$ cat run04.pdb   # PDB, C-alpha atoms, pLDDT in the B column
ATOM      1  CA  MET A 189     106.668  51.584   4.416  1.00 46.00           C
ATOM      2  CA  SER A 190     103.573  53.713   4.134  1.00 57.00           C
ATOM      3  CA  ASN A 191     103.488  53.404   0.348  1.00 62.00           C
ATOM      4  CA  LEU A 192     102.521  49.706   0.509  1.00 65.00           C
ATOM      5  CA  PRO A 193      99.613  48.225   2.490  1.00 75.00           C
ATOM      6  CA  TRP A 194     101.718  45.643   4.373  1.00 77.00           C
ATOM      7  CA  ASN A 195      99.057  45.131   7.031  1.00 81.00           C
ATOM      8  CA  GLU A 196      96.053  44.930   4.666  1.00 84.00           C
ATOM      9  CA  PRO A 197      94.859  41.281   4.829  1.00 84.00           C
ATOM     10  CA  GLY A 198      94.580  40.648   1.081  1.00 87.00           C
ATOM     11  CA  PHE A 199      97.932  42.245   0.279  1.00 85.00           C
ATOM     12  CA  SER A 200      99.513  40.430   3.198  1.00 87.00           C
ATOM     13  CA  GLN A 201      98.226  37.071   1.933  1.00 87.00           C
ATOM     14  CA  ARG A 202      99.565  37.746  -1.580  1.00 89.00           C
ATOM     15  CA  MET A 203     102.947  38.711  -0.119  1.00 88.00           C
ATOM     16  CA  LEU A 204     103.026  35.501   1.919  1.00 86.00           C
ATOM     17  CA  SER A 205     102.545  33.492  -1.272  1.00 88.00           C
ATOM     18  CA  GLU A 206     105.477  35.336  -2.827  1.00 89.00           C
ATOM     19  CA  HIS A 207     107.646  34.774   0.276  1.00 89.00           C
ATOM     20  CA  LEU A 208     107.016  31.026   0.128  1.00 88.00           C
ATOM     21  CA  SER A 209     107.453  30.685  -3.643  1.00 92.00           C
ATOM     22  CA  GLN A 210     110.456  28.665  -4.726  1.00 92.00           C
ATOM     23  CA  GLU A 211     110.165  30.000  -8.282  1.00 93.00           C
ATOM     24  CA  HIS A 212     111.962  33.293  -7.600  1.00 92.00           C
ATOM     25  CA  ASP A 213     113.874  35.347  -5.045  1.00 90.00           C
ATOM     26  CA  ALA A 214     111.626  38.411  -5.283  1.00 87.00           C
ATOM     27  CA  ALA A 215     110.076  38.468  -1.788  1.00 87.00           C
ATOM     28  CA  SER A 216     112.268  35.952   0.066  1.00 91.00           C
ATOM     29  CA  ARG A 217     115.165  33.961  -1.190  1.00 93.00           C
ATOM     30  CA  ARG A 218     114.765  30.301  -2.111  1.00 95.00           C
ATOM     31  CA  PHE A 219     115.082  27.897   0.804  1.00 95.00           C
ATOM     32  CA  GLU A 220     118.485  26.514  -0.230  1.00 96.00           C
ATOM     33  CA  THR A 221     119.893  30.051  -0.227  1.00 96.00           C
ATOM     34  CA  ILE A 222     118.272  30.797   3.137  1.00 96.00           C
ATOM     35  CA  ASP A 223     119.854  27.610   4.520  1.00 98.00           C
ATOM     36  CA  ARG A 224     123.304  28.818   3.411  1.00 98.00           C
ATOM     37  CA  HIS A 225     122.719  32.278   4.898  1.00 97.00           C
ATOM     38  CA  VAL A 226     121.523  30.811   8.187  1.00 98.00           C
ATOM     39  CA  ALA A 227     124.577  28.533   8.386  1.00 98.00           C
ATOM     40  CA  TRP A 228     126.821  31.561   7.828  1.00 98.00           C
ATOM     41  CA  ILE A 229     124.997  33.665  10.450  1.00 98.00           C
ATOM     42  CA  HIS A 230     125.137  30.783  12.933  1.00 98.00           C
ATOM     43  CA  GLU A 231     128.835  30.012  12.406  1.00 98.00           C
ATOM     44  CA  HIS A 232     130.447  33.325  11.479  1.00 98.00           C
ATOM     45  CA  VAL A 233     128.282  35.959  13.132  1.00 97.00           C
ATOM     46  CA  LEU A 234     127.256  34.046  16.260  1.00 98.00           C
ATOM     47  CA  GLY A 235     130.279  31.755  16.492  1.00 97.00           C
ATOM     48  CA  GLY A 236     128.091  28.658  16.710  1.00 97.00           C
ATOM     49  CA  ARG A 237     127.024  29.682  20.234  1.00 97.00           C
ATOM     50  CA  PRO A 238     123.388  30.062  21.285  1.00 97.00           C
ATOM     51  CA  SER A 239     122.221  33.646  21.253  1.00 98.00           C
ATOM     52  CA  ARG A 240     119.026  35.672  21.535  1.00 98.00           C
ATOM     53  CA  ILE A 241     118.019  37.026  18.117  1.00 98.00           C
ATOM     54  CA  LEU A 242     115.680  39.850  17.139  1.00 98.00           C
ATOM     55  CA  ASP A 243     114.492  39.487  13.532  1.00 98.00           C
ATOM     56  CA  LEU A 244     112.925  42.719  12.291  1.00 97.00           C
ATOM     57  CA  CYS A 245     110.580  42.580   9.285  1.00 94.00           C
ATOM     58  CA  CYS A 246     110.798  38.806   9.718  1.00 96.00           C
ATOM     59  CA  GLY A 247     108.043  37.955   7.230  1.00 94.00           C
ATOM     60  CA  PRO A 248     107.014  34.313   7.589  1.00 97.00           C
ATOM     61  CA  GLY A 249     109.993  33.564   9.858  1.00 97.00           C
ATOM     62  CA  LEU A 250     112.095  31.712   7.305  1.00 97.00           C
ATOM     63  CA  TYR A 251     115.413  32.754   8.851  1.00 98.00           C
ATOM     64  CA  LEU A 252     114.418  32.901  12.499  1.00 98.00           C
ATOM     65  CA  GLN A 253     112.832  29.453  12.533  1.00 98.00           C
ATOM     66  CA  ARG A 254     116.014  27.916  11.152  1.00 98.00           C
ATOM     67  CA  LEU A 255     118.184  29.798  13.657  1.00 98.00           C
ATOM     68  CA  VAL A 256     116.011  28.752  16.601  1.00 98.00           C
ATOM     69  CA  ALA A 257     116.199  25.152  15.367  1.00 98.00           C
ATOM     70  CA  LEU A 258     119.996  25.513  15.727  1.00 98.00           C
ATOM     71  CA  GLY A 259     119.619  26.403  19.410  1.00 98.00           C
ATOM     72  CA  HIS A 260     119.081  30.161  19.410  1.00 98.00           C
ATOM     73  CA  ASP A 261     116.185  32.026  21.026  1.00 97.00           C
ATOM     74  CA  GLY A 262     114.212  34.390  18.876  1.00 96.00           C
ATOM     75  CA  VAL A 263     111.709  37.187  18.561  1.00 98.00           C
ATOM     76  CA  GLY A 264     110.340  38.162  15.157  1.00 98.00           C
ATOM     77  CA  VAL A 265     108.502  41.390  14.357  1.00 97.00           C
ATOM     78  CA  ASP A 266     106.520  42.019  11.166  1.00 95.00           C
ATOM     79  CA  PHE A 267     103.602  44.159  10.018  1.00 92.00           C
ATOM     80  CA  GLY A 268     102.019  41.528   7.737  1.00 94.00           C
ATOM     81  CA  PRO A 269      99.241  39.556   9.458  1.00 96.00           C
ATOM     82  CA  ALA A 270      99.441  36.611   7.024  1.00 95.00           C
ATOM     83  CA  ALA A 271     103.221  36.362   7.431  1.00 96.00           C
ATOM     84  CA  ILE A 272     103.028  36.407  11.236  1.00 97.00           C
ATOM     85  CA  ALA A 273     100.165  33.879  11.251  1.00 97.00           C
ATOM     86  CA  HIS A 274     102.230  31.561   9.036  1.00 97.00           C
ATOM     87  CA  ALA A 275     105.341  32.019  11.196  1.00 98.00           C
ATOM     88  CA  ARG A 276     103.393  31.255  14.362  1.00 98.00           C
ATOM     89  CA  GLN A 277     101.816  28.175  12.783  1.00 98.00           C
ATOM     90  CA  GLN A 278     105.193  26.862  11.632  1.00 97.00           C
ATOM     91  CA  ALA A 279     106.767  27.434  15.037  1.00 98.00           C
ATOM     92  CA  GLU A 280     103.932  25.581  16.736  1.00 97.00           C
ATOM     93  CA  ALA A 281     104.012  22.733  14.199  1.00 97.00           C
ATOM     94  CA  THR A 282     107.751  22.235  14.731  1.00 97.00           C
ATOM     95  CA  GLY A 283     107.620  22.699  18.506  1.00 97.00           C
ATOM     96  CA  LEU A 284     109.893  25.746  18.443  1.00 97.00           C
ATOM     97  CA  ASP A 285     109.452  28.426  21.093  1.00 96.00           C
ATOM     98  CA  ILE A 286     109.541  31.598  18.994  1.00 98.00           C
ATOM     99  CA  HIS A 287     107.714  34.804  19.868  1.00 98.00           C
ATOM    100  CA  TYR A 288     106.299  36.598  16.825  1.00 98.00           C
ATOM    101  CA  GLN A 289     104.914  40.121  17.194  1.00 97.00           C
ATOM    102  CA  LEU A 290     102.461  41.593  14.683  1.00 97.00           C
ATOM    103  CA  GLU A 291     103.656  45.202  14.825  1.00 95.00           C
ATOM    104  CA  ASP A 292     105.233  47.941  12.770  1.00 93.00           C
ATOM    105  CA  VAL A 293     108.943  47.918  13.675  1.00 94.00           C
ATOM    106  CA  ARG A 294     108.913  51.713  13.805  1.00 93.00           C
ATOM    107  CA  GLY A 295     106.911  51.636  17.036  1.00 93.00           C
ATOM    108  CA  ALA A 296     107.326  48.120  18.414  1.00 95.00           C
ATOM    109  CA  ASP A 297     108.805  47.421  21.832  1.00 95.00           C
ATOM    110  CA  PHE A 298     111.727  45.089  21.113  1.00 96.00           C
ATOM    111  CA  GLY A 299     112.777  44.310  24.636  1.00 95.00           C
ATOM    112  CA  SER A 300     116.485  43.908  25.278  1.00 96.00           C
ATOM    113  CA  ASP A 301     119.415  41.535  25.776  1.00 97.00           C
ATOM    114  CA  TYR A 302     119.811  40.437  22.153  1.00 98.00           C
ATOM    115  CA  GLY A 303     123.062  39.070  20.799  1.00 98.00           C
ATOM    116  CA  LEU A 304     121.957  39.841  17.250  1.00 98.00           C
ATOM    117  CA  VAL A 305     119.455  42.201  15.687  1.00 98.00           C
ATOM    118  CA  MET A 306     118.883  41.495  12.011  1.00 97.00           C
ATOM    119  CA  MET A 307     116.777  42.797   9.167  1.00 95.00           C
ATOM    120  CA  ILE A 308     117.110  40.509   6.160  1.00 92.00           C
ATOM    121  CA  TRP A 309     116.290  41.659   2.628  1.00 79.00           C
ATOM    122  CA  GLY A 310     116.012  45.413   2.206  1.00 67.00           C
ATOM    123  CA  GLU A 311     113.176  46.984   4.141  1.00 74.00           C
ATOM    124  CA  PHE A 312     115.524  49.399   5.879  1.00 81.00           C
ATOM    125  CA  ASN A 313     115.952  51.465   2.722  1.00 84.00           C
ATOM    126  CA  VAL A 314     112.238  52.369   2.574  1.00 84.00           C
ATOM    127  CA  PHE A 315     112.298  54.335   5.831  1.00 88.00           C
ATOM    128  CA  PRO A 316     112.780  58.100   5.806  1.00 91.00           C
ATOM    129  CA  ARG A 317     116.173  59.044   7.277  1.00 93.00           C
ATOM    130  CA  SER A 318     114.738  60.141  10.638  1.00 95.00           C
ATOM    131  CA  GLN A 319     112.878  56.840  11.083  1.00 93.00           C
ATOM    132  CA  ALA A 320     115.909  54.820   9.988  1.00 93.00           C
ATOM    133  CA  LEU A 321     118.121  56.627  12.506  1.00 96.00           C
ATOM    134  CA  ASP A 322     115.570  56.068  15.264  1.00 96.00           C
ATOM    135  CA  LEU A 323     115.363  52.368  14.367  1.00 95.00           C
ATOM    136  CA  VAL A 324     119.152  51.983  14.479  1.00 95.00           C
ATOM    137  CA  ARG A 325     119.248  53.738  17.861  1.00 97.00           C
ATOM    138  CA  ARG A 326     116.504  51.470  19.242  1.00 97.00           C
ATOM    139  CA  CYS A 327     118.287  48.387  17.899  1.00 96.00           C
ATOM    140  CA  GLY A 328     121.454  49.485  19.687  1.00 97.00           C
ATOM    141  CA  VAL A 329     119.509  49.778  22.937  1.00 97.00           C
ATOM    142  CA  ALA A 330     118.031  46.289  22.379  1.00 98.00           C
ATOM    143  CA  LEU A 331     121.489  44.700  22.023  1.00 98.00           C
ATOM    144  CA  ARG A 332     123.301  43.355  25.056  1.00 97.00           C
ATOM    145  CA  PRO A 333     126.911  44.499  25.553  1.00 95.00           C
ATOM    146  CA  GLY A 334     129.020  42.821  22.882  1.00 93.00           C
ATOM    147  CA  GLY A 335     125.955  42.012  20.737  1.00 94.00           C
TER     148      GLY A 335
END

$ encode --input "run04.pdb" --output "structure tokens"
Amino acid sequence: MSNLPWNEPGFSQRMLSEHLSQEHDAASRRFETIDRHVAWIHEHVLGGRPSRILDLCCGPGLYLQRLVALGHDGVGVDFGPAAIAHARQQAEATGLDIHYQLEDVRGADFGSDYGLVMMIWGEFNVFPRSQALDLVRRCGVALRPGG
């Protein structure tokens, strides 16, 4: 992740525009696709039962907001200040209680007791092997038994 300035304000704002664009699937998928993915996660991964979700590299919260609206609890972590500001604004505007952390996932404190830890898109492949292994280990610690 060090090859791109995710936390630089101007870059972060440009990335937010790309995440919200409905013209392409380059930064985030189009909303109708996200809706289908969220329905699948809710029904098939979580069995339609409320769960606590950790969304790593959550961007503007497009998945987490939809999952919380279905009755789940959520924490989102992202390094982009514009994305986190947008996610927080959307959560407040819709009355959803979602905690968004502006942090690099490589050093963030995730907490624990999650039923699902997810990283949507493909950020995982940019980490060096040692950082990826550490992240997987920390995600395992953050999951509750059976999560």

$ closest_atom_pairs --input "run04.pdb" --of "range 254-301 of chain A" --to "range 307-322 of chain A" --cutoff "10 Å" --atoms "only C-alpha atoms" --output "Markdown table"
| residue | atom | partner | partner_atom | distance |
| --- | --- | --- | --- | --- |
| A:Gly264 | CA | A:Met307 | CA | 9.9 |
| A:Val265 | CA | A:Met307 | CA | 9.9 |
| A:Arg294 | CA | A:Gln319 | CA | 7.0 |
| A:Gly295 | CA | A:Asp322 | CA | 9.9 |

$ write_last_selection --input "run04.pdb" --atoms "C-alpha atoms" --output "PDB file, in the coordinates of the input"
ATOM      1  CA  GLY A 264     110.340  38.162  15.157  1.00 98.00           C
ATOM      2  CA  VAL A 265     108.502  41.390  14.357  1.00 97.00           C
ATOM      3  CA  ARG A 294     108.913  51.713  13.805  1.00 93.00           C
ATOM      4  CA  GLY A 295     106.911  51.636  17.036  1.00 93.00           C
TER       5      GLY A 295
END

$ closest_residue --input "run04.pdb" --among "A:Leu290, A:Ala271, A:Val324, A:Leu331" --to "Glu206 in chain A" --atoms "all atoms listed in the file"
A:Ala271

$ atom_distance --input "run04.pdb" --atom1 "CA of Leu323 in chain A" --atom2 "CA of Gly303 in chain A"
16.7 Å

$ atom_distance --input "run04.pdb" --atom1 "CA of Asp285 in chain A" --atom2 "CA of Gln210 in chain A"
25.8 Å

$ resolve_selection --input "run04.pdb" --expression "the PyMOL selection byres ((chain A and resi 201) around 12)" --output "PDB file with C-alpha atoms, keeping the file's coordinate frame"
ATOM      1  CA  PRO A 193      99.613  48.225   2.490  1.00 75.00           C
ATOM      2  CA  TRP A 194     101.718  45.643   4.373  1.00 77.00           C
ATOM      3  CA  ASN A 195      99.057  45.131   7.031  1.00 81.00           C
ATOM      4  CA  GLU A 196      96.053  44.930   4.666  1.00 84.00           C
ATOM      5  CA  PRO A 197      94.859  41.281   4.829  1.00 84.00           C
ATOM      6  CA  GLY A 198      94.580  40.648   1.081  1.00 87.00           C
ATOM      7  CA  PHE A 199      97.932  42.245   0.279  1.00 85.00           C
ATOM      8  CA  SER A 200      99.513  40.430   3.198  1.00 87.00           C
ATOM      9  CA  ARG A 202      99.565  37.746  -1.580  1.00 89.00           C
ATOM     10  CA  MET A 203     102.947  38.711  -0.119  1.00 88.00           C
ATOM     11  CA  LEU A 204     103.026  35.501   1.919  1.00 86.00           C
ATOM     12  CA  SER A 205     102.545  33.492  -1.272  1.00 88.00           C
ATOM     13  CA  GLU A 206     105.477  35.336  -2.827  1.00 89.00           C
ATOM     14  CA  HIS A 207     107.646  34.774   0.276  1.00 89.00           C
ATOM     15  CA  LEU A 208     107.016  31.026   0.128  1.00 88.00           C
ATOM     16  CA  GLY A 247     108.043  37.955   7.230  1.00 94.00           C
ATOM     17  CA  PRO A 248     107.014  34.313   7.589  1.00 97.00           C
ATOM     18  CA  GLY A 268     102.019  41.528   7.737  1.00 94.00           C
ATOM     19  CA  PRO A 269      99.241  39.556   9.458  1.00 96.00           C
ATOM     20  CA  ALA A 270      99.441  36.611   7.024  1.00 95.00           C
ATOM     21  CA  ALA A 271     103.221  36.362   7.431  1.00 96.00           C
ATOM     22  CA  ILE A 272     103.028  36.407  11.236  1.00 97.00           C
ATOM     23  CA  ALA A 273     100.165  33.879  11.251  1.00 97.00           C
ATOM     24  CA  HIS A 274     102.230  31.561   9.036  1.00 97.00           C
TER      25      HIS A 274
END

$ axis_aligned_box --input "run04.pdb" --around "range 245-260 of chain A" --padding-each-side "6 Å" --output "lines of an AutoDock Vina configuration file"
center_x = 113.5
center_y = 33.9
center_z = 13.3
size_x = 25.0
size_y = 29.4
size_z = 24.2

$ resolve_selection --input "run04.pdb" --expression "the PyMOL selection byres ((chain A and resi 223-237) around 9)" --output "number ranges by chain"
A: 218-222, 238-239, 251-252, 254-255, 258-260, 303-304

$ closest_residue --input "run04.pdb" --among "A:Arg326, A:Arg240, A:Gln253, A:Cys246" --to "Glu280 in chain A" --atoms "all atoms listed in the file"
A:Gln253

$ atom_distance --input "run04.pdb" --atom1 "CA of Phe298 in chain A" --atom2 "CA of Val329 in chain A"
9.3 Å

$ residues_around --input "run04.pdb" --residues "range 275-277 of chain A" --least-positions-apart "6" --cutoff "8 Å" --atoms "all atoms listed in the file" --output "list in words"
Gly247, Pro248, Gly249, Leu250, Ile286, His287 and Tyr288 of chain A

$ closest_residue --input "run04.pdb" --among "A:Ala330, A:Ile241, A:Ala215, A:Val293" --to "Phe267 in chain A" --atoms "only C-alpha atoms"
A:Val293

$ residues_near_point --input "run04.pdb" --point "(117.3, 43.7, 13.6)" --cutoff "7 Å" --atoms "all atoms listed in the file" --output "list in words"
Leu242, Asp243, Leu244, Val305, Met306, Met307 and Cys327 of chain A

$ build_atoms --input "run04.pdb" --residues "range 247-272 of chain A" --atoms "N, CA, C and O atoms" --output "compact mmCIF listing (two decimals), in the coordinates of the input"
# COMPACT_ATOMS: atom_id res chain seq x y z
N GLY A 247 108.90 38.66 8.18
CA GLY A 247 108.04 37.96 7.23
C GLY A 247 107.54 36.66 7.85
O GLY A 247 107.19 36.63 9.03
N PRO A 248 107.53 35.58 7.07
CA PRO A 248 107.01 34.31 7.59
C PRO A 248 108.01 33.54 8.45
O PRO A 248 107.82 32.35 8.71
N GLY A 249 109.07 34.19 8.91
CA GLY A 249 109.99 33.56 9.86
C GLY A 249 110.97 32.57 9.26
O GLY A 249 111.49 31.71 9.97
N LEU A 250 111.26 32.70 7.98
CA LEU A 250 112.10 31.71 7.30
C LEU A 250 113.51 31.63 7.85
O LEU A 250 114.10 30.56 7.89
N TYR A 251 114.07 32.75 8.26
CA TYR A 251 115.41 32.75 8.85
C TYR A 251 115.36 32.41 10.33
O TYR A 251 116.12 31.58 10.82
N LEU A 252 114.46 33.07 11.05
CA LEU A 252 114.42 32.90 12.50
C LEU A 252 114.09 31.47 12.90
O LEU A 252 114.70 30.93 13.82
N GLN A 253 113.18 30.84 12.20
CA GLN A 253 112.83 29.45 12.53
C GLN A 253 114.05 28.55 12.39
O GLN A 253 114.31 27.70 13.26
N ARG A 254 114.81 28.74 11.36
CA ARG A 254 116.01 27.92 11.15
C ARG A 254 117.06 28.19 12.24
O ARG A 254 117.73 27.28 12.71
N LEU A 255 117.22 29.46 12.61
CA LEU A 255 118.18 29.80 13.66
C LEU A 255 117.76 29.25 15.02
O LEU A 255 118.60 28.74 15.77
N VAL A 256 116.49 29.32 15.34
CA VAL A 256 116.01 28.75 16.60
C VAL A 256 116.18 27.24 16.60
O VAL A 256 116.55 26.64 17.62
N ALA A 257 115.98 26.60 15.46
CA ALA A 257 116.20 25.15 15.37
C ALA A 257 117.65 24.79 15.63
O ALA A 257 117.95 23.66 16.05
N LEU A 258 118.57 25.75 15.45
CA LEU A 258 120.00 25.51 15.73
C LEU A 258 120.36 25.81 17.19
O LEU A 258 121.52 25.73 17.57
N GLY A 259 119.37 26.19 17.99
CA GLY A 259 119.62 26.40 19.41
C GLY A 259 119.54 27.83 19.89
O GLY A 259 119.78 28.10 21.07
N HIS A 260 119.21 28.76 19.01
CA HIS A 260 119.08 30.16 19.41
C HIS A 260 117.67 30.43 19.92
O HIS A 260 116.76 29.64 19.69
N ASP A 261 117.50 31.53 20.62
CA ASP A 261 116.18 32.03 21.03
C ASP A 261 115.83 33.15 20.08
O ASP A 261 116.73 33.86 19.60
N GLY A 262 114.53 33.35 19.83
CA GLY A 262 114.21 34.39 18.88
C GLY A 262 112.90 35.09 19.08
O GLY A 262 111.93 34.52 19.57
N VAL A 263 112.90 36.35 18.63
CA VAL A 263 111.71 37.19 18.56
C VAL A 263 111.67 37.74 17.14
O VAL A 263 112.67 38.27 16.65
N GLY A 264 110.52 37.61 16.49
CA GLY A 264 110.34 38.16 15.16
C GLY A 264 109.25 39.22 15.17
O GLY A 264 108.23 39.06 15.84
N VAL A 265 109.47 40.30 14.44
CA VAL A 265 108.50 41.39 14.36
C VAL A 265 108.21 41.67 12.89
O VAL A 265 109.14 41.83 12.09
N ASP A 266 106.92 41.71 12.54
CA ASP A 266 106.52 42.02 11.17
C ASP A 266 105.14 42.66 11.19
O ASP A 266 104.36 42.44 12.13
N PHE A 267 104.84 43.41 10.14
CA PHE A 267 103.60 44.16 10.02
C PHE A 267 102.55 43.41 9.20
O PHE A 267 101.41 43.84 9.11
N GLY A 268 102.93 42.28 8.58
CA GLY A 268 102.02 41.53 7.74
C GLY A 268 101.29 40.44 8.52
O GLY A 268 101.92 39.49 8.98
N PRO A 269 99.96 40.55 8.66
CA PRO A 269 99.24 39.56 9.46
C PRO A 269 99.34 38.14 8.90
O PRO A 269 99.45 37.18 9.68
N ALA A 270 99.34 37.96 7.60
CA ALA A 270 99.44 36.61 7.02
C ALA A 270 100.82 36.02 7.29
O ALA A 270 100.95 34.83 7.60
N ALA A 271 101.86 36.84 7.18
CA ALA A 271 103.22 36.36 7.43
C ALA A 271 103.38 35.93 8.88
O ALA A 271 103.94 34.86 9.17
N ILE A 272 102.91 36.75 9.81
CA ILE A 272 103.03 36.41 11.24
C ILE A 272 102.19 35.18 11.57
O ILE A 272 102.64 34.29 12.31
